[in-house]
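Trainee: One structure, as structure tokens, below. Some questions next.
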Amino acid sequence: MASPSSDLDRERRKCTFNVAELTDIINGGREKTERRQYLESLVLNEPIFNYDDYYFLSREEKYSDAVKKTVRLVQVLKQHNIEDPEDYQTLLKYVLNLNLPIALHNSMFRPTIRDQGTDEQRKKWLPLANDYKIIGTYAQTELGHGTFIRGLETTSTYDPKREEFVLNTPTLTATKWWPGCLGKTSTHAVVMAQLYIKNQCYGIHSFIIQLRSLKDHSPMPGVTVGDIGNKVGLETNDNGFLAMDNVRIPRENMLMRHAQVYPDGTYRKPANSKLVYGTMVLLRATVVSESATNLSKAATIAIRYSCVRRQTEAKPGELEPQIIDYVTQQHKLVPQLATAYAFAWIARYMMSTYHALHADIESGHLGALQELHGISSGLKAFTAEMSVSGIEVCRRACGGHGFSAASGLVSMYKDRLPSCTYEGENTVLYLQTARFLLKCFRQPSITPSSMSYIQVKPLPGARWGVKSPEDLMKPILLVEAFEHRAQRTIKSAAQFLESQISQGLDTSEAMNRSGIEFVRCAKAHCYYFVTRNFFQSTALLKCSKEIKESLLTLGVVFALNGIADNSGEFLEDCFITGTQMEFVRERILYCYKQLRPNLVGLVDAFAFADQSLNSALGAYDGDVYNRLYNWAKRAPLNKTDVHSSYHKYLKPILKSKI
Ligand SMILES: CCCCCCCCCCCCCC(=O)SCCNC(=O)CCNC(=O)[C@H](O)C(C)(C)COP(=O)(O)OP(=O)(O)OC[C@H]1O[C@@H](n2cnc3c(N)ncnc32)[C@H](O)[C@@H]1OP(=O)(O)O
Ligand SMILES: Cc1cc2nc3c(=O)[nH]c(=O)nc-3n(C[C@H](O)[C@H](O)[C@H](O)COP(=O)(O)OP(=O)(O)OC[C@H]3O[C@@H](n4cnc5c(N)ncnc54)[C@H](O)[C@@H]3O)c2cc1C
């Protein structure tokens, strides 16, 4: 049997490009790589951030361990004056393999105060939050409602006499349920509640509530709070419940940047009622980037392992091939790698679009709200869905060892799975994007330039200009196929909706009946958007010819697999012919062959520290079997040669007569 490390060494020698150059591209430049390396150097050598036995811990131990790591991380950040949120995200994404029990504090609590608080409120709360003197969460979802925010039941009633709000959980279904970090960690929460003034309801607003004493962490009077119990993954997080019984807070605790309640109870409504949803939009944009990072990790593990793993001698006596040389294995993993790169590029686009449109919104251009919501909803759903299914493909591609916790893929899959549900259930978000697409289809004046393609009506009888398999290496033709599919499905969804309305259905029932068409066109739009962005961004890169070639080939794999996997949608209007579909399949194989020497280089370029992968199968040196063996020997069940259950239960049976 060949040595696993020599297998990876050989792969690395075959790579046609400079891996460090590609790492810089992925990170966004040399300076960013150096910053990342500096951040890594601060934490990776600390024993506290060791994860070796993490997969053996119970849920409670995992939570407690995560709190310990969190506190140390906060100390490190303070010690080195690291305040830039980008640095914090880099640490979480690339360096530490940790779902922090303060995730919501940084990803939702602080941003909500920043975006929805007045200048005075920011001045009061942000220094406390930035310094971790208080830890907050975002408590919106209730037992009875998550998707339909307007249906939330928690009430916040204004008492003008005492200039206070009184928060209540009027029913069982009004109990806040699911918020991350709520159960045991947070001292404060932004609570979304229906605002009542003089018996009139003004809809959902945000309020800062103190949940726990800052002296001894016990729940505040009127607050019932706890963990909701075990769930799929996210074991380090204390997703919680919260019920409030006449909890009084000062008037100043309502976040009043957009809507105001004056001391006498006069209400001033926000310029747009959706401004209160702003933090969710930010998190959806962040999920795009999280999806990219995690799929990159999964592809790194599975591709390195597939170069080390050998199985089934082709001819008697010959060395068994590396499993990566089976084209069926390539057909599992190369599309995941291509998707990881496509998502890394779209994540960058999403974040820069978020910042640009958010700045527009801040300066009063509220038209940007719907554009940002339209783009981010679909991309969140699309990337979460493909990333989660891609991680599972990678896990299965590792065979039996993919089933072991030591692969790192089991916990990754479980931790990512909820990204299809939280921050807006995927179907619900696709439906929101479809609403926006249809609006643009009908109203050119509101269509942003990034979506102007919607205005071009697809020609009936249009045909794809691909004449040979070689044509499939031309990005323009690939993008054209996805553009055509998106235009056609948007048009067809609009026509379907109109047909329902013309049959006499009211708008909401007609929208419901059109739901499947809506989701179809939103997915088609997202595939187009991501493909177009991939080729546009790659074309702009200043890099070596070899890197550009590899990236373009990955783009072709992403596009061609998208066509092959959704072939019906391209064939049903005869845009693509059966012969062209054969070209597609042929070219996919060709691209796998082209990429084969560079597969390890392409995953090495992500530059994940071994600690952040925490995988016996995916470590840089490829020493898979020693790692698996040593890890198993440390399993709690192996602490003694004879387990206590032998003395308690097994012994008497074994002693019985044979
Ligand atoms: C490294 C860093 C780590 C970070 C990771 C940390 C771990 C993360 C841990 C996980 C943390 C997880 C944390 C969590 O999970 S936090 C909880 C997240 N919850 C949700 O996401 C709930 C999802 N539901 C909604 O958002 C709304 O209820 C929807 C959107 C479904 C309907 O809403 P509503 O019933 O009010 O509206 P409508 O249907 O009458 O439509 C009316 C119009 O409004 C437009 N509209 C709607 N919304 C927006 C918007 N936002 N901006 C602009 N416009 C918007 C809409 O398109 C429509 O337009 P038009 O068609 O009429 O023109
Ligand atoms: C791990 C995790 C962490 C979370 N963290 C937080 C948090 O920090 N803070 C917080 O406030 N919340 C949090 N949540 C809650 C989360 O945001 C909601 O669960 C999510 O928005 C989905 O809402 P729901 O549970 O009401 O699902 P439901 O809406 O009940 O969805 C069930 C099904 O109904 C369908 N459906 C619902 N409405 C429609 C519709 N209008 N049209 C078509 N189909 C529909 C959905 O597609 C889905 O198939 C978290 C959830 C999880 C799982």
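Labeling convention for the structure tokens: chains A, B, ... as they appear, residues from 1 per chain, ligands from 1 in order of appearance.
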Identify, counting only C-alpha atoms and all ligand atoms, the protein, DNA and RNA residues located within 8 Å of ligand 1, and give them as an mmCIF file with N, CA and C atoms, in the first residue's frame.
Mentor:
data_model
loop_
_atom_site.group_PDB
_atom_site.id
_atom_site.type_symbol
_atom_site.label_atom_id
_atom_site.label_comp_id
_atom_site.auth_asym_id
_atom_site.auth_seq_id
_atom_site.Cartn_x
_atom_site.Cartn_y
_atom_site.Cartn_z
ATOM 1 N N TYR A 88 -13.045 39.256 13.248
ATOM 2 C CA TYR A 88 -13.813 38.305 14.053
ATOM 3 C C TYR A 88 -14.382 37.202 13.151
ATOM 4 N N GLN A 89 -14.908 37.640 12.000
ATOM 5 C CA GLN A 89 -15.484 36.650 11.082
ATOM 6 C C GLN A 89 -14.410 35.741 10.513
ATOM 7 N N THR A 90 -13.243 36.309 10.230
ATOM 8 C CA THR A 90 -12.152 35.487 9.706
ATOM 9 C C THR A 90 -11.788 34.412 10.714
ATOM 10 N N LEU A 91 -11.712 34.800 11.969
ATOM 11 C CA LEU A 91 -11.376 33.816 13.005
ATOM 12 C C LEU A 91 -12.394 32.688 13.040
ATOM 13 N N LEU A 92 -13.656 33.079 12.961
ATOM 14 C CA LEU A 92 -14.696 32.055 13.048
ATOM 15 C C LEU A 92 -14.730 31.166 11.810
ATOM 16 N N LYS A 93 -14.552 31.788 10.656
ATOM 17 C CA LYS A 93 -14.712 31.034 9.410
ATOM 18 C C LYS A 93 -13.536 30.113 9.135
ATOM 19 N N ASN A 99 -19.132 26.972 16.765
ATOM 20 C CA ASN A 99 -20.367 27.744 16.758
ATOM 21 C C ASN A 99 -20.478 28.390 18.126
ATOM 22 N N ALA A 103 -22.786 33.729 19.257
ATOM 23 C CA ALA A 103 -22.938 34.012 17.817
ATOM 24 C C ALA A 103 -23.976 35.103 17.577
ATOM 25 N N LEU A 104 -25.085 35.008 18.289
ATOM 26 C CA LEU A 104 -26.176 35.943 18.052
ATOM 27 C C LEU A 104 -25.852 37.342 18.559
ATOM 28 N N ASN A 106 -22.995 38.857 18.313
ATOM 29 C CA ASN A 106 -22.242 39.576 17.294
ATOM 30 C C ASN A 106 -22.958 39.648 15.949
ATOM 31 N N SER A 107 -23.733 38.604 15.636
ATOM 32 C CA SER A 107 -24.324 38.615 14.296
ATOM 33 C C SER A 107 -25.686 39.305 14.254
ATOM 34 N N MET A 108 -26.388 39.406 15.393
ATOM 35 C CA MET A 108 -27.725 40.019 15.338
ATOM 36 C C MET A 108 -27.966 41.098 16.403
ATOM 37 N N TYR A 138 -31.237 37.680 19.740
ATOM 38 C CA TYR A 138 -32.306 38.237 18.905
ATOM 39 C C TYR A 138 -33.506 37.312 19.043
ATOM 40 N N ALA A 139 -34.491 37.749 19.816
ATOM 41 C CA ALA A 139 -35.615 36.860 20.128
ATOM 42 C C ALA A 139 -36.852 37.281 19.355
ATOM 43 N N GLN A 140 -37.074 36.585 18.274
ATOM 44 C CA GLN A 140 -38.210 36.913 17.412
ATOM 45 C C GLN A 140 -39.191 35.737 17.344
ATOM 46 N N THR A 141 -38.650 34.563 16.939
ATOM 47 C CA THR A 141 -39.514 33.408 16.691
ATOM 48 C C THR A 141 -40.226 32.947 17.972
ATOM 49 N N GLY A 146 -42.899 31.400 13.262
ATOM 50 C CA GLY A 146 -41.529 31.769 12.911
ATOM 51 C C GLY A 146 -41.543 32.541 11.605
ATOM 52 N N THR A 147 -42.158 31.924 10.592
ATOM 53 C CA THR A 147 -42.194 32.560 9.269
ATOM 54 C C THR A 147 -43.024 33.842 9.275
ATOM 55 N N PHE A 148 -44.234 33.733 9.775
ATOM 56 C CA PHE A 148 -45.182 34.859 9.661
ATOM 57 C C PHE A 148 -44.950 35.828 10.815
ATOM 58 N N ILE A 149 -44.045 36.757 10.578
ATOM 59 C CA ILE A 149 -43.641 37.643 11.677
ATOM 60 C C ILE A 149 -44.794 38.529 12.133
ATOM 61 N N ARG A 150 -45.616 38.925 11.176
ATOM 62 C CA ARG A 150 -46.720 39.802 11.592
ATOM 63 C C ARG A 150 -47.671 39.083 12.541
ATOM 64 N N TRP A 178 -36.519 29.065 20.099
ATOM 65 C CA TRP A 178 -35.440 28.878 19.123
ATOM 66 C C TRP A 178 -34.297 29.883 19.200
ATOM 67 N N PRO A 179 -34.541 31.147 19.626
ATOM 68 C CA PRO A 179 -33.414 32.071 19.539
ATOM 69 C C PRO A 179 -32.115 31.484 20.076
ATOM 70 N N GLY A 180 -31.052 31.632 19.286
ATOM 71 C CA GLY A 180 -29.745 31.095 19.664
ATOM 72 C C GLY A 180 -29.188 31.855 20.856
ATOM 73 N N LYS A 274 -40.815 47.679 6.735
ATOM 74 C CA LYS A 274 -39.868 46.554 6.630
ATOM 75 C C LYS A 274 -38.481 46.898 7.172
ATOM 76 N N LEU A 275 -38.302 48.168 7.596
ATOM 77 C CA LEU A 275 -36.992 48.521 8.164
ATOM 78 C C LEU A 275 -36.680 47.689 9.402
ATOM 79 N N VAL A 276 -37.735 47.278 10.103
ATOM 80 C CA VAL A 276 -37.546 46.499 11.328
ATOM 81 C C VAL A 276 -37.028 45.077 11.013
ATOM 82 N N TYR A 277 -37.089 44.664 9.746
ATOM 83 C CA TYR A 277 -36.607 43.331 9.354
ATOM 84 C C TYR A 277 -35.119 43.346 8.958
ATOM 85 N N GLY A 278 -34.477 44.514 9.125
ATOM 86 C CA GLY A 278 -33.137 44.713 8.561
ATOM 87 C C GLY A 278 -32.092 43.702 9.000
ATOM 88 N N MET A 280 -32.366 40.636 9.784
ATOM 89 C CA MET A 280 -32.522 39.342 9.101
ATOM 90 C C MET A 280 -31.885 39.390 7.724
ATOM 91 N N VAL A 281 -32.018 40.529 7.073
ATOM 92 C CA VAL A 281 -31.433 40.653 5.735
ATOM 93 C C VAL A 281 -29.908 40.540 5.824
ATOM 94 N N LEU A 283 -28.205 38.942 8.104
ATOM 95 C CA LEU A 283 -27.839 37.542 8.391
ATOM 96 C C LEU A 283 -27.989 36.654 7.159
ATOM 97 N N THR A 286 -25.008 36.945 5.269
ATOM 98 C CA THR A 286 -23.910 36.224 5.931
ATOM 99 C C THR A 286 -24.015 34.722 5.689
ATOM 100 N N VAL A 287 -25.239 34.212 5.634
ATOM 101 C CA VAL A 287 -25.419 32.765 5.408
ATOM 102 C C VAL A 287 -24.806 32.363 4.059
ATOM 103 N N GLU A 290 -21.244 31.830 4.767
ATOM 104 C CA GLU A 290 -21.095 30.616 5.592
ATOM 105 C C GLU A 290 -21.250 29.347 4.755
ATOM 106 N N LEU A 369 -34.447 48.806 -0.340
ATOM 107 C CA LEU A 369 -34.878 47.736 0.581
ATOM 108 C C LEU A 369 -35.354 46.502 -0.166
ATOM 109 N N GLN A 370 -36.232 46.727 -1.148
ATOM 110 C CA GLN A 370 -36.800 45.548 -1.816
ATOM 111 C C GLN A 370 -35.769 44.850 -2.694
ATOM 112 N N GLU A 371 -34.855 45.636 -3.271
ATOM 113 C CA GLU A 371 -33.804 45.017 -4.098
ATOM 114 C C GLU A 371 -32.927 44.108 -3.230
ATOM 115 N N LEU A 372 -32.518 44.654 -2.082
ATOM 116 C CA LEU A 372 -31.653 43.881 -1.183
ATOM 117 C C LEU A 372 -32.379 42.630 -0.683
ATOM 118 N N HIS A 373 -33.640 42.804 -0.338
ATOM 119 C CA HIS A 373 -34.440 41.665 0.129
ATOM 120 C C HIS A 373 -34.601 40.631 -0.995
ATOM 121 N N GLY A 374 -34.865 41.108 -2.199
ATOM 122 C CA GLY A 374 -35.062 40.217 -3.348
ATOM 123 C C GLY A 374 -33.812 39.406 -3.653
ATOM 124 N N PRO A 418 -29.508 23.293 9.683
ATOM 125 C CA PRO A 418 -30.515 24.305 10.018
ATOM 126 C C PRO A 418 -30.414 25.596 9.213
ATOM 127 N N SER A 419 -29.326 25.778 8.460
ATOM 128 C CA SER A 419 -29.236 27.017 7.672
ATOM 129 C C SER A 419 -30.310 27.049 6.578
ATOM 130 N N THR A 421 -33.310 26.396 7.308
ATOM 131 C CA THR A 421 -34.529 26.740 8.039
ATOM 132 C C THR A 421 -34.420 28.100 8.716
ATOM 133 N N TYR A 422 -33.288 28.311 9.425
ATOM 134 C CA TYR A 422 -33.233 29.587 10.161
ATOM 135 C C TYR A 422 -33.017 30.752 9.210
ATOM 136 N N GLU A 423 -33.295 31.874 9.732
ATOM 137 C CA GLU A 423 -33.163 33.135 8.995
ATOM 138 C C GLU A 423 -34.069 33.144 7.762
ATOM 139 N N GLY A 424 -35.230 32.503 7.910
ATOM 140 C CA GLY A 424 -36.171 32.413 6.816
ATOM 141 C C GLY A 424 -36.084 31.042 6.182
ATOM 142 N N GLU A 425 -37.172 30.271 6.309
ATOM 143 C CA GLU A 425 -37.212 28.917 5.742
ATOM 144 C C GLU A 425 -37.030 29.062 4.221
ATOM 145 N N VAL A 428 -39.887 29.683 1.745
ATOM 146 C CA VAL A 428 -40.498 30.988 2.003
ATOM 147 C C VAL A 428 -39.628 32.094 1.369
ATOM 148 N N LEU A 429 -38.326 31.927 1.464
ATOM 149 C CA LEU A 429 -37.433 32.947 0.901
ATOM 150 C C LEU A 429 -37.416 32.907 -0.626
ATOM 151 N N GLN A 432 -40.266 34.834 -1.731
ATOM 152 C CA GLN A 432 -40.049 36.281 -1.641
ATOM 153 C C GLN A 432 -39.252 36.782 -2.846
ATOM 154 N N THR A 433 -38.225 36.031 -3.216
ATOM 155 C CA THR A 433 -37.431 36.443 -4.393
ATOM 156 C C THR A 433 -38.288 36.408 -5.648
ATOM 157 N N ARG A 435 -41.449 36.924 -5.882
ATOM 158 C CA ARG A 435 -42.322 38.117 -5.886
ATOM 159 C C ARG A 435 -41.584 39.294 -6.490
ATOM 160 N N PHE A 436 -40.310 39.427 -6.087
ATOM 161 C CA PHE A 436 -39.520 40.543 -6.584
ATOM 162 C C PHE A 436 -39.243 40.394 -8.087
ATOM 163 N N LYS A 439 -42.257 41.297 -10.001
ATOM 164 C CA LYS A 439 -42.469 42.751 -9.963
ATOM 165 C C LYS A 439 -41.566 43.428 -11.006
#
Trainee: Check segment 156-317 of chain A with DSSP on the backbone and list each residue it calls strand (DSSP E or B), as an MDAnalysis selection string.
Mentor: chainID A and resid 156:159 164:168 176:177 188:197 200:210 212 219 223:227 240:244 247:250 254 260:261 267:268 310
Trainee: Would you give me, as number ranges by chain, the residues in segment 222-369 of chain A that DSSP reads as helix (DSSP H, G or I)?
Mentor: A: 251-253, 273-308, 323-325, 327-362, 367-369
Trainee: Counting only C-alpha atoms, figure out which residue out of A:Gly240, A:Pro263, A:Pro101, A:Gly151 gets nearest to Gly183 of chain A.
Mentor: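 Using only C-alpha atoms, the shortest distance to Gly183 of chain A belongs to A:Gly240.
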Trainee: Go ahead and compute the interatomic distance for atom CA of Ile228 of chain A and atom 26 (O, counted along the ligand's line) of ligand 2, in Å to one decimal.
Mentor: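 Spanning atom CA of Ile228 of chain A to atom 26 (O, counted along the ligand's line) of ligand 2 is a straight-line distance of 15.3 Å.
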Trainee: If we count only C-alpha atoms and set the cut-off at 8 Å, which residues sit around His358 of chain A, ignoring sequence neighbours fewer than 4 positions away in its own chain? Please answer as a PyMOL selection string.
Mentor: chain A and resi 354+362+368-369
Trainee: Go ahead and write the selection's residues with C-alpha atoms as a PDB file, in the first residue's frame.
Mentor:
ATOM      1  CA  TYR A 354     -25.311  44.423   1.053  1.00  0.00           C
ATOM      2  CA  GLU A 362     -29.287  54.579   5.637  1.00  0.00           C
ATOM      3  CA  ALA A 368     -33.066  49.733  -2.122  1.00  0.00           C
ATOM      4  CA  LEU A 369     -34.878  47.736   0.581  1.00  0.00           C
TER       5      LEU A 369
END
Trainee: Calculated over only C-alpha atoms and all ligand atoms, which of the candidates A:His647, A:Arg30, A:Arg310, A:His145 has the smallest distance to ligand 2?
Mentor: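 Of A:His647, A:Arg30, A:Arg310, A:His145, the one nearest ligand 2, counting only C-alpha atoms and all ligand atoms, is A:His145.
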